[in-house]
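Coordinates from data03.tsv are shown below (TSV, C-alpha atoms).
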```tsv
chain	number	residue	atom	x	y	z
A	1	MET	CA	59.36	157.25	42.13
A	2	SER	CA	60.17	156.38	38.49
A	3	LEU	CA	61.48	153.01	37.43
A	4	LYS	CA	64.77	154.65	36.47
A	5	THR	CA	65.12	156.38	39.85
A	6	ASN	CA	64.22	153.16	41.66
A	7	PHE	CA	66.81	151.25	39.63
A	8	PHE	CA	69.58	153.70	40.50
A	9	SER	CA	68.53	153.66	44.16
A	10	ILE	CA	68.91	149.90	44.18
A	11	LEU	CA	72.31	150.18	42.51
A	12	LEU	CA	73.40	152.74	45.10
A	13	CYS	CA	72.31	150.49	47.97
A	14	LEU	CA	74.09	147.52	46.43
A	15	SER	CA	77.20	149.61	45.91
A	16	ILE	CA	77.19	150.72	49.54
A	17	LEU	CA	76.58	147.14	50.72
A	18	ILE	CA	79.38	145.74	48.58
A	19	SER	CA	81.71	148.54	49.70
A	20	CYS	CA	80.97	147.84	53.37
A	21	GLN	CA	81.41	144.11	52.89
A	22	THR	CA	84.67	144.58	51.03
A	23	LYS	CA	85.99	146.81	53.76
A	24	ASP	CA	84.80	144.36	56.38
A	25	GLN	CA	86.51	141.49	54.62
A	26	LYS	CA	89.99	143.03	54.94
A	27	PRO	CA	90.63	143.41	58.66
A	28	PHE	CA	94.39	142.99	58.25
A	29	GLU	CA	94.85	145.85	55.81
A	30	ASP	CA	95.56	149.46	56.76
A	31	ILE	CA	96.54	148.78	60.37
A	32	PRO	CA	96.51	152.10	62.31
A	33	ASP	CA	99.77	153.56	63.59
A	34	THR	CA	98.48	153.05	67.12
A	35	TYR	CA	99.45	149.37	66.70
A	36	PRO	CA	103.11	149.79	65.67
A	37	VAL	CA	104.34	146.24	66.28
A	38	LEU	CA	101.30	144.66	64.65
A	39	LYS	CA	101.72	146.95	61.66
A	40	LYS	CA	105.44	146.19	61.39
A	41	VAL	CA	104.85	142.42	61.52
A	42	LEU	CA	102.07	142.42	58.94
A	43	GLN	CA	104.22	144.57	56.63
A	44	ASN	CA	107.08	142.05	56.95
A	45	PRO	CA	105.24	138.71	56.91
A	46	ASP	CA	108.10	136.70	55.40
A	47	GLU	CA	110.52	137.78	58.10
A	48	TYR	CA	108.10	136.90	60.89
A	49	GLN	CA	106.38	133.98	59.12
A	50	VAL	CA	103.11	135.20	60.58
A	51	GLN	CA	99.80	133.42	60.04
A	52	ILE	CA	96.43	134.50	61.47
A	53	VAL	CA	92.89	133.12	61.45
A	54	TYR	CA	90.13	135.37	62.83
A	55	THR	CA	86.49	134.30	63.07
A	56	GLN	CA	83.64	136.73	63.57
A	57	ILE	CA	80.58	135.29	65.30
A	58	ASP	CA	76.98	136.40	64.86
A	59	ARG	CA	73.93	135.02	66.63
A	60	ASP	CA	70.38	134.51	65.39
A	61	GLU	CA	67.16	134.95	67.37
A	62	ASN	CA	67.78	131.57	69.04
A	63	ASN	CA	71.36	132.47	69.97
A	64	VAL	CA	72.65	130.02	67.32
A	65	PRO	CA	76.08	131.17	66.12
A	66	SER	CA	77.24	131.63	62.54
A	67	PHE	CA	80.85	132.19	61.55
A	68	ARG	CA	82.73	134.37	59.13
A	69	ASP	CA	86.43	133.61	58.72
A	70	PHE	CA	89.28	135.92	57.76
A	71	ASP	CA	92.89	134.91	57.47
A	72	PHE	CA	96.29	136.41	56.88
A	73	ARG	CA	98.93	134.34	55.08
A	74	LEU	CA	97.28	131.08	56.18
A	75	ASP	CA	99.20	128.18	54.66
A	76	ASP	CA	98.70	124.66	56.00
A	77	ASP	CA	101.73	123.45	54.07
A	78	LYS	CA	104.08	126.07	55.54
A	79	TYR	CA	105.78	124.43	58.50
A	80	PHE	CA	106.19	126.08	61.89
A	81	TYR	CA	106.96	124.43	65.19
A	82	PRO	CA	103.69	124.21	67.18
A	83	ALA	CA	105.34	123.94	70.60
A	84	SER	CA	102.84	123.38	73.44
A	85	THR	CA	99.72	123.93	71.35
A	86	VAL	CA	99.67	120.17	70.59
A	87	LYS	CA	98.80	119.60	74.24
A	88	LEU	CA	95.24	120.79	73.70
A	89	PRO	CA	94.07	118.04	71.32
A	90	VAL	CA	95.95	115.42	73.33
A	91	ALA	CA	94.20	116.53	76.52
A	92	ILE	CA	90.79	116.35	74.86
A	93	LEU	CA	91.55	113.01	73.19
A	94	ALA	CA	92.53	111.55	76.57
A	95	LEU	CA	88.91	112.07	77.66
A	96	GLU	CA	87.64	110.59	74.40
A	97	TRP	CA	89.85	107.54	74.93
A	98	LEU	CA	88.60	107.22	78.51
A	99	GLY	CA	84.99	107.19	77.37
A	100	GLU	CA	85.72	104.39	74.92
A	101	GLN	CA	87.07	102.04	77.63
A	102	ASP	CA	83.69	101.49	79.29
A	103	ILE	CA	85.24	100.02	82.44
A	104	TYR	CA	83.33	100.25	85.69
A	105	GLY	CA	85.09	102.57	88.13
A	106	LEU	CA	87.46	104.01	85.54
A	107	THR	CA	87.12	107.80	85.47
A	108	ALA	CA	89.28	110.82	84.75
A	109	LYS	CA	90.01	110.98	88.48
A	110	SER	CA	91.21	107.37	88.74
A	111	VAL	CA	94.82	107.02	89.83
A	112	MET	CA	97.04	106.71	86.75
A	113	LEU	CA	100.43	105.08	87.30
A	114	THR	CA	103.06	105.20	84.56
A	115	ASP	CA	105.88	102.66	84.53
A	116	SER	CA	109.17	102.69	82.60
A	117	VAL	CA	110.75	99.74	80.78
A	118	ARG	CA	113.33	101.49	78.62
A	119	PRO	CA	116.34	103.61	79.66
A	120	SER	CA	114.88	106.69	77.97
A	121	GLN	CA	111.57	106.45	79.83
A	122	LEU	CA	110.59	107.89	83.20
A	123	PRO	CA	108.00	106.52	85.67
A	124	ALA	CA	105.30	108.54	87.42
A	125	ASP	CA	103.62	107.21	90.55
A	126	ASN	CA	103.00	110.41	92.52
A	127	ASP	CA	102.10	114.06	92.00
A	128	SER	CA	102.80	116.51	94.81
A	129	SER	CA	100.51	119.14	93.24
A	130	ALA	CA	97.40	116.92	93.48
A	131	LEU	CA	95.07	116.89	96.48
A	132	THR	CA	95.52	113.10	96.71
A	133	LEU	CA	99.25	113.33	95.88
A	134	LEU	CA	98.54	110.87	93.06
A	135	PRO	CA	98.42	111.41	89.29
A	136	SER	CA	95.28	111.13	87.19
A	137	ILE	CA	94.07	112.07	83.73
A	138	SER	CA	92.01	114.96	85.08
A	139	HIS	CA	94.93	116.37	87.05
A	140	TYR	CA	97.26	116.12	84.09
A	141	ILE	CA	94.72	117.99	81.97
A	142	LYS	CA	94.45	120.75	84.58
A	143	LYS	CA	98.22	121.23	84.56
A	144	ILE	CA	98.31	121.28	80.76
A	145	LEU	CA	95.60	123.91	80.42
A	146	LEU	CA	96.58	126.08	83.38
A	147	VAL	CA	100.35	126.42	82.87
A	148	SER	CA	101.19	124.17	79.88
A	149	ASP	CA	102.98	121.53	81.94
A	150	ASN	CA	105.29	119.41	79.75
A	151	ASP	CA	105.37	116.30	81.95
A	152	ALA	CA	101.56	116.21	82.09
A	153	TYR	CA	101.43	116.24	78.29
A	154	ASN	CA	104.08	113.51	78.06
A	155	ARG	CA	102.04	111.22	80.32
A	156	LEU	CA	98.93	111.55	78.17
A	157	TYR	CA	101.02	111.12	75.02
A	158	GLU	CA	102.41	107.88	76.49
A	159	LEU	CA	98.92	106.73	77.40
A	160	LEU	CA	97.38	107.32	73.99
A	161	GLY	CA	100.28	106.65	71.64
A	162	GLN	CA	100.91	108.17	68.23
A	163	ASP	CA	98.49	105.96	66.29
A	164	TYR	CA	95.50	106.90	68.41
A	165	ILE	CA	96.27	110.62	68.45
A	166	ASN	CA	96.97	111.01	64.75
A	167	SER	CA	94.18	108.75	63.50
A	168	LYS	CA	91.64	110.59	65.66
A	169	MET	CA	92.74	113.96	64.35
A	170	GLN	CA	92.44	112.74	60.77
A	171	GLU	CA	89.02	111.22	61.42
A	172	LYS	CA	87.83	114.62	62.61
A	173	GLY	CA	89.03	116.34	59.44
A	174	MET	CA	92.23	117.84	60.77
A	175	ASN	CA	94.64	116.49	58.20
A	176	HIS	CA	97.59	118.80	58.71
A	177	THR	CA	98.68	117.41	62.06
A	178	ALA	CA	101.47	115.00	63.02
A	179	ILE	CA	102.10	114.48	66.72
A	180	ASN	CA	105.13	112.29	67.18
A	181	HIS	CA	107.18	113.15	70.26
A	182	ARG	CA	107.30	113.97	73.93
A	183	LEU	CA	108.29	117.47	74.99
A	184	SER	CA	111.51	118.53	76.73
A	185	MET	CA	112.84	114.96	76.71
A	186	PRO	CA	115.92	114.18	74.59
A	187	MET	CA	114.61	111.12	72.78
A	188	SER	CA	115.28	109.78	69.32
A	189	GLU	CA	112.53	109.44	66.75
A	190	GLU	CA	112.51	105.68	67.38
A	191	GLU	CA	112.32	105.99	71.16
A	192	ASN	CA	109.34	108.31	70.81
A	193	ARG	CA	107.50	105.46	69.08
A	194	TYR	CA	107.63	103.38	72.29
A	195	PHE	CA	104.99	104.08	74.93
A	196	ASN	CA	105.26	103.34	78.64
A	197	PRO	CA	103.14	100.77	80.45
A	198	VAL	CA	100.24	102.39	82.31
A	199	SER	CA	97.87	101.12	84.98
A	200	PHE	CA	94.77	102.59	86.57
A	201	LEU	CA	93.49	102.07	90.11
A	202	ASN	CA	89.95	102.43	91.44
A	203	GLU	CA	89.01	104.21	94.67
A	204	GLU	CA	89.92	101.12	96.70
A	205	GLY	CA	93.39	101.03	95.17
A	206	LYS	CA	92.66	97.97	93.05
A	207	VAL	CA	94.05	97.74	89.54
A	208	ILE	CA	91.16	98.03	87.06
A	209	LEU	CA	93.12	98.47	83.85
A	210	GLU	CA	96.65	97.52	82.86
A	211	ILE	CA	98.13	98.66	79.56
A	212	PRO	CA	101.45	97.10	78.54
A	213	GLU	CA	104.29	98.79	76.73
A	214	ARG	CA	103.34	99.52	73.13
A	215	LYS	CA	105.19	100.51	69.98
A	216	THR	CA	104.04	101.85	66.66
A	217	ASP	CA	105.66	100.94	63.37
A	218	ASN	CA	103.91	103.83	61.67
A	219	ILE	CA	106.07	106.88	61.12
A	220	TYR	CA	104.34	110.25	61.49
A	221	SER	CA	106.85	112.63	59.98
A	222	ASN	CA	106.89	115.81	57.94
A	223	LEU	CA	107.41	114.51	54.43
A	224	ASP	CA	108.71	117.84	53.12
A	225	HIS	CA	111.63	117.65	55.60
A	226	PRO	CA	111.32	121.23	56.88
A	227	LYS	CA	114.43	122.99	58.15
A	228	ILE	CA	114.53	126.18	60.22
A	229	GLY	CA	117.29	128.73	60.77
A	230	LYS	CA	120.88	128.67	59.64
A	231	ALA	CA	122.46	127.18	62.80
A	232	TYR	CA	121.53	125.62	66.14
A	233	PHE	CA	123.04	124.52	69.42
A	234	SER	CA	122.98	120.83	70.36
A	235	LYS	CA	124.46	119.66	73.67
A	236	GLY	CA	126.37	122.93	73.91
A	237	GLU	CA	127.87	122.64	70.43
A	238	LEU	CA	127.04	125.06	67.63
A	239	ILE	CA	125.97	123.22	64.49
A	240	GLU	CA	126.41	125.44	61.44
A	241	GLU	CA	123.41	124.22	59.47
A	242	PRO	CA	119.61	124.55	59.60
A	243	MET	CA	117.79	122.47	62.20
A	244	ASP	CA	115.84	119.54	60.78
A	245	PHE	CA	112.18	119.32	61.87
A	246	THR	CA	111.28	116.16	59.92
A	247	PHE	CA	110.48	114.30	63.13
A	248	LYS	CA	109.02	117.20	65.07
A	249	ASN	CA	105.35	117.78	65.77
A	250	LYS	CA	103.21	119.54	63.20
A	251	PHE	CA	99.93	121.29	63.99
A	252	ALA	CA	98.85	123.58	61.17
A	253	LEU	CA	97.09	126.78	62.16
A	254	SER	CA	93.77	125.77	60.59
A	255	ASP	CA	93.82	122.53	62.62
A	256	PHE	CA	94.68	124.42	65.79
A	257	HIS	CA	91.88	126.91	65.14
A	258	GLY	CA	89.61	123.95	64.37
A	259	VAL	CA	90.30	122.27	67.71
A	260	VAL	CA	89.35	125.41	69.64
A	261	GLN	CA	86.26	125.87	67.48
A	262	ARG	CA	85.19	122.24	67.94
A	263	ILE	CA	85.45	122.31	71.72
A	264	VAL	CA	83.60	125.64	72.03
A	265	PHE	CA	80.99	125.09	69.30
A	266	PRO	CA	80.66	121.31	68.76
A	267	GLU	CA	77.13	121.67	67.41
A	268	LYS	CA	78.47	123.49	64.34
A	269	PHE	CA	80.34	120.38	63.18
A	270	ALA	CA	79.17	117.04	61.81
A	271	SER	CA	79.13	114.32	64.48
A	272	ASN	CA	82.17	112.56	62.98
A	273	GLU	CA	84.17	115.81	63.13
A	274	ARG	CA	83.53	116.48	66.82
A	275	PHE	CA	85.41	115.29	69.85
A	276	ASN	CA	83.36	112.41	71.19
A	277	ILE	CA	83.23	113.44	74.83
A	278	SER	CA	80.43	114.06	77.30
A	279	GLU	CA	79.05	117.51	77.99
A	280	GLU	CA	80.52	117.23	81.48
A	281	ASP	CA	83.96	116.55	80.04
A	282	ARG	CA	83.61	119.38	77.52
A	283	ASN	CA	82.73	121.81	80.31
A	284	PHE	CA	85.74	120.56	82.27
A	285	ILE	CA	88.01	121.36	79.32
A	286	LEU	CA	86.42	124.79	78.85
A	287	GLN	CA	86.70	125.55	82.55
A	288	TYR	CA	90.43	124.92	82.64
A	289	MET	CA	91.11	126.49	79.24
A	290	SER	CA	89.74	129.73	80.66
A	291	MET	CA	90.80	129.48	84.30
A	292	LEU	CA	93.63	131.72	85.47
A	293	PRO	CA	96.53	130.10	87.36
A	294	GLY	CA	95.68	131.88	90.62
A	295	GLU	CA	92.10	130.57	90.52
A	296	SER	CA	93.20	126.96	90.89
A	297	ASP	CA	93.60	125.26	94.27
A	298	TYR	CA	94.98	121.89	93.13
A	299	PRO	CA	97.32	122.40	91.43
A	300	LYS	CA	98.16	125.69	93.11
A	301	TYR	CA	100.12	128.40	91.32
A	302	TYR	CA	101.47	131.54	92.97
A	303	LEU	CA	102.36	135.08	92.07
A	304	PRO	CA	104.58	136.61	90.86
A	305	GLU	CA	105.58	133.79	88.51
A	306	TYR	CA	102.05	132.77	87.54
A	307	TYR	CA	100.29	136.06	86.83
A	308	ASP	CA	96.88	136.20	85.13
A	309	SER	CA	98.17	136.54	81.57
A	310	TYR	CA	100.86	133.89	82.03
A	311	SER	CA	99.24	131.93	79.22
A	312	LYS	CA	96.82	134.53	77.79
A	313	PHE	CA	98.72	136.39	75.06
A	314	PHE	CA	95.96	138.12	73.10
A	315	LYS	CA	95.23	141.66	74.29
A	316	PHE	CA	97.05	141.23	77.61
A	317	GLY	CA	100.51	140.14	76.44
A	318	THR	CA	102.90	140.12	79.38
A	319	ASP	CA	100.91	142.62	81.46
A	320	LYS	CA	101.30	141.57	85.10
A	321	ASN	CA	98.10	143.33	86.20
A	322	PRO	CA	94.98	141.26	86.91
A	323	ILE	CA	92.76	140.56	83.91
A	324	PRO	CA	89.38	142.29	84.48
A	325	ALA	CA	86.60	139.87	85.42
A	326	GLN	CA	84.49	140.81	82.38
A	327	PHE	CA	86.94	138.92	80.14
A	328	ARG	CA	87.34	135.19	79.68
A	329	ILE	CA	89.80	133.68	77.24
A	330	PHE	CA	89.42	129.99	76.37
A	331	ASN	CA	92.77	129.19	74.82
A	332	LYS	CA	96.05	127.32	74.51
A	333	THR	CA	99.46	128.85	73.90
A	334	GLY	CA	102.85	127.65	72.70
A	335	ASN	CA	106.40	129.01	72.84
A	336	ALA	CA	109.57	127.39	71.45
A	337	TYR	CA	112.40	127.84	68.93
A	338	GLY	CA	111.41	131.47	68.38
A	339	HIS	CA	107.77	130.61	67.69
A	340	LEU	CA	104.96	132.10	69.76
A	341	LEU	CA	101.39	130.87	69.29
A	342	ASP	CA	97.94	131.33	70.77
A	343	GLY	CA	94.56	129.93	69.78
A	344	SER	CA	91.67	131.60	71.59
A	345	TYR	CA	87.96	132.05	71.96
A	346	PHE	CA	87.80	135.57	73.40
A	347	VAL	CA	84.79	136.74	75.43
A	348	ASP	CA	83.77	140.03	77.02
A	349	PHE	CA	80.62	139.42	79.06
A	350	GLU	CA	79.88	143.10	79.71
A	351	GLU	CA	80.08	144.23	76.08
A	352	GLY	CA	78.65	141.03	74.59
A	353	ILE	CA	81.73	140.41	72.49
A	354	GLU	CA	83.01	137.05	71.28
A	355	PHE	CA	85.43	136.03	68.57
A	356	LEU	CA	87.93	133.32	67.69
A	357	VAL	CA	91.52	134.10	66.78
A	358	THR	CA	94.58	131.92	66.27
A	359	ALA	CA	98.03	133.16	65.30
A	360	VAL	CA	101.69	132.22	65.04
A	361	ILE	CA	104.76	134.43	64.77
A	362	TYR	CA	108.45	133.56	64.44
A	363	THR	CA	111.07	135.90	65.92
A	364	ASN	CA	114.66	134.82	65.47
A	365	ALA	CA	116.77	137.61	63.96
A	366	ASN	CA	120.10	135.77	64.21
A	367	LYS	CA	118.56	132.60	62.71
A	368	THR	CA	120.18	130.47	65.41
A	369	LEU	CA	118.05	128.01	67.39
A	370	ASN	CA	118.53	126.92	71.00
A	371	ASP	CA	120.62	129.99	71.87
A	372	ASP	CA	117.82	131.56	73.95
A	373	THR	CA	118.11	134.71	71.84
A	374	TYR	CA	114.68	135.39	70.39
A	375	GLU	CA	112.75	138.64	70.08
A	376	TYR	CA	109.86	137.49	72.26
A	377	GLU	CA	109.75	140.57	74.48
A	378	GLU	CA	110.48	143.10	71.72
A	379	ILE	CA	108.23	141.70	68.98
A	380	ALA	CA	106.30	138.48	69.69
A	381	PHE	CA	104.43	139.31	72.90
A	382	PRO	CA	103.64	142.91	71.82
A	383	PHE	CA	102.37	141.49	68.52
A	384	PHE	CA	99.83	139.31	70.33
A	385	ALA	CA	98.83	142.09	72.72
A	386	GLU	CA	98.25	144.52	69.84
A	387	LEU	CA	96.51	141.97	67.61
A	388	GLY	CA	94.13	141.07	70.44
A	389	GLU	CA	93.42	144.72	71.22
A	390	TYR	CA	92.99	145.58	67.53
A	391	LEU	CA	90.45	142.78	66.97
A	392	TYR	CA	88.69	143.63	70.23
A	393	GLN	CA	88.26	147.23	69.07
A	394	LEU	CA	86.97	146.00	65.71
A	395	GLU	CA	84.39	143.91	67.53
A	396	LEU	CA	83.38	146.83	69.74
A	397	LYS	CA	82.60	148.86	66.62
A	398	ARG	CA	81.12	146.04	64.56
A	399	GLU	CA	77.35	146.27	64.20
A	400	LYS	CA	75.43	143.16	65.19
A	401	GLU	CA	71.73	142.45	65.04
A	402	ARG	CA	71.86	140.75	68.43
A	403	LYS	CA	74.20	140.48	71.34
A	404	PRO	CA	75.18	136.92	72.23
A	405	VAL	CA	73.80	135.24	75.32
A	406	LEU	CA	76.96	133.99	77.02
A	407	SER	CA	75.66	133.07	80.46
A	408	LYS	CA	76.55	129.38	80.04
A	409	LEU	CA	80.20	130.36	79.87
A	410	LYS	CA	80.14	132.00	83.31
A	411	MET	CA	81.58	129.02	85.15
A	412	GLU	CA	82.57	128.52	88.74
A	413	TYR	CA	86.28	129.07	89.26
```
Once more with this new file: its structure as structure tokens, please.
Amino acid sequence: MSLKTNFFSILLCLSILISCQTKDQKPFEDIPDTYPVLKKVLQNPDEYQVQIVYTQIDRDENNVPSFRDFDFRLDDDKYFYPASTVKLPVAILALEWLGEQDIYGLTAKSVMLTDSVRPSQLPADNDSSALTLLPSISHYIKKILLVSDNDAYNRLYELLGQDYINSKMQEKGMNHTAINHRLSMPMSEEENRYFNPVSFLNEEGKVILEIPERKTDNIYSNLDHPKIGKAYFSKGELIEEPMDFTFKNKFALSDFHGVVQRIVFPEKFASNERFNISEEDRNFILQYMSMLPGESDYPKYYLPEYYDSYSKFFKFGTDKNPIPAQFRIFNKTGNAYGHLLDGSYFVDFEEGIEFLVTAVIYTNANKTLNDDTYEYEEIAFPFFAELGEYLYQLELKREKERKPVLSKLKMEY
């Protein structure tokens, strides 16, 4: 072969490689007509305020993962209401806090009693869904990850306080987060900066840790004073102006994606960017992130209300049929004020498929909040089902040098 021929052969190969890479780097372009809702949403991103992060995962000969990220309209400065997704970092941080106490007999299963010392606060000294009928950190985490229980989140929020939660997130490199309120409790910004007294009991019922009421003077707000919609209902009255989210939680999509990635693949982050929890605690989080409601005994959740995809939006949407056993989705969802969110590590054991995907969509055609008129069923849930299926099909067709070894993720449920 001549030098000239060899040169052009190399150019051709490079051209093909670049072409393939370019095509591969644009997964959110040219969506097929077989995904009509997904296509409609991506063609109207301003209307639906959609953001997506998708991470492809490849494994080397030692099964070590490497990542390749793709995003659609990702903007950490563009506010959206994160709803229940904030429960995931709070649940994990509760275990990090617990490990820092270093108190003999204090575990995630220790009885956790919450007192109330202000009119806006509520106590918690029992839990009918627990085997022991008593609350604990571990049981609260189960309820958060299985069915996104609001009260369980509030109790861990009250335990940790705003300073601990927000400083820990910043320390780990997630700088677009502000967690500053309880959920589904009508409290002022000031009242949310007071945190209930909490005490823990050992197995003999003896108090081993008492935490008094606390208050933070720090204000974790959204400095750009975001406003959503054109009107909203408050205490039954229609307010003809946008709703102010200055003192609402913020959890940017990159931070949300980062939390899921850190709990699934901690080894890919510097030690100061990881959650500082034991491997046992990490497996506990992963187990309940992926567990289906019907697989849990305590707490127990029943059909038809708690179907398999109750909190698994990608690929399965609102399908009431059982999710096939070959799939496991390690995730957290959120749903409020017209926003629907899901951050997931998606696994198919049979096909050797794994990928990370996090997305948010806003569906509120009349631009009125708190009127319970959102296009969840028509647009939001089908969007997640089609996006999950679309990415799953991409992964089925994507060539990989090696299939991942995912046996460690096959947990007991």
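Closest to Ser148 of chain A among A:Ile323, A:Leu209, A:Val86, A:Met174 is A:Val86, based on only C-alpha atoms.
Atom CA of Leu88 of chain A to atom CA of Glu280 of chain A spans 17.0 Å [interatomic distance, one decimal].
For the pair atom CA of Asn218 of chain A and atom CA of Ile239 of chain A, the separation is 29.5 Å.
Distances from A:Glu213, A:Glu267, A:Glu204, A:Glu29 to Gln121 of chain A were compared using all atoms listed in the file, and the smallest one belongs to A:Glu213.
We find atom CA of Leu113 of chain A and atom CA of Thr333 of chain A to be spaced 27.3 Å apart.
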Distance table requested - segment 18-93 of chain A against segment 386-391 of chain A, cut-off 8 Å, only C-alpha atoms: one row per qualifying residue with the closest atom pair and its distance in Å to one decimal, ordered by chain and rising residue number, as JSON lines.
```
{"residue": "A:Tyr35", "atom": "CA", "partner": "A:Glu386", "partner_atom": "CA", "distance": 5.9}
{"residue": "A:Val37", "atom": "CA", "partner": "A:Glu386", "partner_atom": "CA", "distance": 7.3}
{"residue": "A:Leu38", "atom": "CA", "partner": "A:Glu386", "partner_atom": "CA", "distance": 6.0}
```
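Residues with any atom within 8 Å of segment 152-154 of chain A, counting only C-alpha atoms and excluding same-chain neighbours fewer than 3 positions away, are Lys87, Val90, Ala91, Tyr140, Ile141, Lys143, Ile144, Asp149, Tyr157, Glu158, Arg182 and Leu183 of chain A.
With all atoms listed in the file as the basis for measurement, A:Leu146 is the residue among A:Leu146, A:Tyr220, A:Gln49, A:Phe80 that approaches Tyr306 of chain A most closely.
Those DNA, RNA and protein residues that approach the point (78.9, 138.5, 77.8) to within 7 Å, considering only C-alpha atoms, are Val347, Asp348, Phe349, Glu350, Glu351, Gly352, Ile353, Pro404, Val405, Leu406 and Ser407 of chain A.
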Write out as a ChimeraX atom specification each polymer residue whose atoms come within 7 Å of segment 192-195 of chain A, counting only C-alpha atoms; drop sequence neighbours fewer than 5 positions from it. /A:158,161,180-182,187,213-216
Using all atoms listed in the file, give me every residue within 10 Å of (84.9, 127.6, 86.1) in file coordinates, as JSON, numbers by chain. {"A": [283, 284, 285, 286, 287, 288, 289, 290, 291, 292, 295, 296, 409, 410, 411, 412, 413]}
Hey, which bits of segment 22-96 of chain A sit within 8 Å of segment 362-377 of chain A, and for each residue what's the closest pair of atoms and how far apart in Å (one decimal), counting all atoms listed in the file, rows by chain and increasing number, as a tab-separated table?
```
residue	atom	partner	partner_atom	distance
A:Glu47	CA	A:Tyr362	CA	7.9
A:Tyr48	CA	A:Tyr362	CA	4.9
A:Gln49	CA	A:Tyr362	CA	5.7
A:Val50	CA	A:Tyr362	CA	6.8
```
